[in-house]
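Heads up, the thing below is written out as structure tokens.
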Amino acid sequence: MNNLFTGKLTRLVAADPEKLGELVAKWSRDSEFYQLFDSDPTLPRNAKRAQEHFRERAEKDRGGNFHFLVQSLQDERIIGEGGLFDAFSPHHNAWLAIGIGERELWGKGYGTDAVNILLRFAFQELNLHRVNLGTFEYNARAIRAYEKIGFVHEGKWRQSMRRDGKRWDNYFMAILRRDWEAKQNG
Amino acid sequence: MVLQLFEGEKIRFAAFDADKDAEVFSKWTHDPEYLRLTEYEAARPLAPFHIKKKFEEMEKEAGRDFYFFVIRTQEDDRAIGFVHLRWIEWNHGNAHFNMGIGSPDDRRKGLGSQALQMFLRYAFEELNLYRLTGHTFEYNDGAQKFLEKHGFQLEVRRREAVYRDGRYWDALSYGILAEEWEAKQVSGSK
């Protein structure tokens, strides 16, 4: 059996609230990163408050949320975060999120590698039927990467965001287990 | 300015009243058919005690991220359903709503249509949202027709996202923009 948490470029490690809070404080100085990652208003975050927030979230969690840090295999640096959320339901699906906070590593396959680890975890450990994700019309890099991985467009909420003075669509994509499996064998 | 946001011809919007409403809301949760038409979560009967607790939790969010109205009849002041708004993104002007008419006897009488029209006005003219999103399931033909009749467009089809009665069904989401709703008001009043 292969190591579930290790890919070709990255490995997934536990989302320790102390570490995550510190990194979020650092990454949140980059407003472009958070606009690509989240639809909430972008804010510089305080490390202590962020740590408290993640501690509380971990304490309240009733299961079904698998949050990880993304570590580079090459130099063991934590470069991003991601996970599968709301995975415990009668409907066998979960929401995927991924963000590479270290912007000099964008476009080099780290995010794709981490998503591939998450999908293997979703389909071979959680035994889900499908994995959903949402992204933003202006995040062309992410959309292209998801398409390459095998995610299929399922529609969009028209003009559901306003950023940079313009209206944008929220895109929704998903991959079914049978399509993911076919891709592994083919 | 005379504008009645909560008073319709046949129904009105009221605040949830734990003493009056917990009993009937509990009764509806014992009807799995109703739950499957309105809810994504697993069907689950709730006692009035659980309903009250849920509302206490919800009230902490009320007015900021959450709006909840009980639909009551004008004729005899009965609670017949609910409409609520959640996951409000104030920075983008988008939010999600859900509604239900609890008893089959109160359906197909135009009460839900009146409630949705009132709710759309509330969303667009009081909360000043830019758009509104609604969700339903492949097997709920009634809700699909209902949303389309009121100007919603099918926007997302999540393939095989709901597993019920031994098979997968698509989950659907619908959207309407404020400007689409406004255009409908003008043409409708001519």
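Letters A, B, ... go to the chains of the structure tokens in the order shown; residues in each chain start at 1; ligands are counted from 1 in the same order.
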
Dump as a tab-separated table the rows for residues of chain B within 8 Å of chain A: closest atom pair and distance in Å with one decimal, only C-alpha atoms counted, ordered by chain and rising residue number.
```
residue	atom	partner	partner_atom	distance
B:Glu41	CA	A:Ser89	CA	7.4
B:Ala42	CA	A:Pro90	CA	6.7
B:Glu89	CA	A:Asp40	CA	7.4
B:Asn91	CA	A:Pro41	CA	6.7
B:His92	CA	A:Met161	CA	4.7
B:Gly93	CA	A:Ser160	CA	7.3
B:Asn94	CA	A:Ser160	CA	5.8
B:Tyr130	CA	A:Ser160	CA	7.8
B:Arg131	CA	A:Ser160	CA	6.9
B:Thr133	CA	A:Trp157	CA	7.9
B:Glu155	CA	A:Gly155	CA	5.5
B:Val156	CA	A:Gly155	CA	4.1
B:Arg157	CA	A:Glu154	CA	5.5
B:Arg158	CA	A:Glu154	CA	6.0
B:Arg159	CA	A:Glu154	CA	7.6
B:Glu160	CA	A:Arg130	CA	7.9
B:Ala161	CA	A:His91	CA	6.4
B:Val162	CA	A:His91	CA	4.9
B:Tyr163	CA	A:His91	CA	4.9
B:Arg164	CA	A:His91	CA	7.9
B:Tyr174	CA	A:Trp157	CA	7.9
B:Gly175	CA	A:Trp157	CA	6.7
```

**OP:** Show which residues sit within 8 Å of Phe66 in chain B, as a PyMOL selection string. Count only C-alpha atoms, and ignore same-chain residues fewer than 3 positions away.
**Re:** chain B and resi 58+61-63+84-88

Mind writing the picked residues with N, CA and C atoms as a tab-separated table (two decimals), in the first residue's frame?
```tsv
chain	number	residue	atom	x	y	z
B	58	MET	N	-30.32	29.68	16.41
B	58	MET	CA	-30.47	30.51	15.22
B	58	MET	C	-30.62	31.97	15.55
B	61	GLU	N	-27.73	34.26	15.49
B	61	GLU	CA	-27.26	34.71	14.18
B	61	GLU	C	-28.23	35.69	13.53
B	62	ALA	N	-29.44	35.77	14.10
B	62	ALA	CA	-30.52	36.48	13.40
B	62	ALA	C	-30.16	37.92	13.11
B	63	GLY	N	-30.53	38.36	11.93
B	63	GLY	CA	-30.34	39.75	11.56
B	63	GLY	C	-28.97	40.05	10.99
B	84	HIS	N	-36.58	31.09	4.96
B	84	HIS	CA	-35.40	31.65	5.61
B	84	HIS	C	-34.29	31.96	4.62
B	85	LEU	N	-33.40	32.81	5.09
B	85	LEU	CA	-32.29	33.28	4.29
B	85	LEU	C	-31.02	33.06	5.10
B	86	ARG	N	-29.99	32.47	4.47
B	86	ARG	CA	-28.75	32.25	5.22
B	86	ARG	C	-27.56	32.34	4.28
B	87	TRP	N	-26.37	32.16	4.87
B	87	TRP	CA	-25.11	32.29	4.12
B	87	TRP	C	-25.09	33.60	3.34
B	88	ILE	N	-25.39	34.66	4.02
B	88	ILE	CA	-25.43	35.97	3.35
B	88	ILE	C	-24.00	36.48	3.18
```

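Comparing the minimum interatomic distances between Thr136 in chain B and each of B:Glu148, B:Asp65, B:Glu180, B:Asp77, counting only C-alpha atoms, we find that B:Glu148 sits nearest.
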
Subject >> Neighbour list for Gly82 in chain A as a PyMOL selection string, cut-off 6 Å, only C-alpha atoms, skip fewer than 4 positions in-chain >> reply: chain A and resi 67-68+97-98

**OP:** Please give the complete set of residues from range 9-170 of chain A that DSSP, run on the backbone, assigns to strand (DSSP E), formatted as an MDAnalysis selection string.
**Re:** chainID A and resid 10:14 66:72 78:85 93:100 130:136 152:163 166:170

Subject >> Residues flagged helix (DSSP H, G or I) by DSSP in range 118-189 of chain B, as a ChimeraX atom specification >> reply: /B:118-126,141-149,178-189

Serialized selection, C-alpha atoms, as a short mmCIF file (atom, residue, chain, number, x, y, z; two decimals), in the first residue's frame:
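What ended up in again-v5.cif:
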```
data_model
loop_
_atom_site.label_atom_id
_atom_site.label_comp_id
_atom_site.auth_asym_id
_atom_site.auth_seq_id
_atom_site.Cartn_x
_atom_site.Cartn_y
_atom_site.Cartn_z
CA MET B 118 -43.10 38.84 -0.57
CA PHE B 119 -39.76 37.29 0.26
CA LEU B 120 -38.17 38.40 -3.03
CA ARG B 121 -39.30 41.94 -2.34
CA TYR B 122 -37.79 41.73 1.14
CA ALA B 123 -34.49 40.39 -0.24
CA PHE B 124 -34.18 42.98 -2.99
CA GLU B 125 -35.82 46.07 -1.52
CA GLU B 126 -35.03 45.76 2.17
CA ASP B 141 -40.46 18.72 -9.97
CA GLY B 142 -42.81 20.99 -8.03
CA ALA B 143 -40.01 23.15 -6.65
CA GLN B 144 -38.31 23.38 -10.06
CA LYS B 145 -41.49 24.61 -11.74
CA PHE B 146 -42.18 26.94 -8.81
CA LEU B 147 -38.75 28.58 -9.01
CA GLU B 148 -38.89 28.87 -12.81
CA LYS B 149 -42.36 30.43 -12.63
CA ALA B 178 -32.36 41.83 -8.58
CA GLU B 179 -32.60 43.40 -12.05
CA GLU B 180 -34.44 40.35 -13.40
CA TRP B 181 -36.89 40.54 -10.53
CA GLU B 182 -37.40 44.28 -11.04
CA ALA B 183 -38.03 43.84 -14.77
CA LYS B 184 -40.70 41.29 -13.89
CA GLN B 185 -42.42 43.68 -11.46
CA VAL B 186 -42.69 46.40 -14.12
CA SER B 187 -44.02 44.12 -16.86
CA GLY B 188 -46.33 42.40 -14.38
CA SER B 189 -48.02 45.61 -13.25
#
```

**OP:** For Gln74 in chain B, please output as a list in words all residues within 10 Å (counting only C-alpha atoms; exclusion window: fewer than 3 positions along the same chain).
**Re:**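 Neighbouring residues, sequence-local ones excluded: Glu7, Gly8, Glu9, Lys10, Ile11, Arg12, Phe13, Ile71, Asp77, Arg78 and Ala79 of chain B.
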
Original post:
Which residues come within 10 Å of Val24 in chain A, counting only C-alpha atoms, excluding same-chain residues fewer than 3 positions away, as a PyMOL selection string?
Top reply: chain A and resi 19-21+27-29+34+44-47+50-51+80-81+101

**OP:** Determine the nearest neighbour of Leu35 in chain B from the options B:Asn128, B:Gln114, B:Gln4, B:Asn140, counting only C-alpha atoms.
**Re:**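 Of all the options, B:Asn140 lies closest to Leu35 in chain B.
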
**OP:** Compile the contact shell of Gln74 in chain A as a list in words: residues with an atom at most 12 Å away, counting only C-alpha atoms, same-chain residues fewer than 2 positions apart removed.
**Re:** Gly7, Lys8, Leu9, Thr10, Arg11, Gln71, Ser72, Glu76, Arg77, Ile78, Ile79 and Tyr110 of chain A

**OP:** For CA of Arg64 in chain B and CA of Ala14 in chain B, determine how far apart the two atoms are, in Å to one decimal place.
**Re:** 17.8 Å

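CA of Ser103 in chain B to CA of His30 in chain B spans 11.1 Å [interatomic distance, one decimal].
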
Subject >> Computed interatomic separation between CA of Trp95 in chain A and CA of Leu119 in chain A (Å) >> reply: 10.8 Å
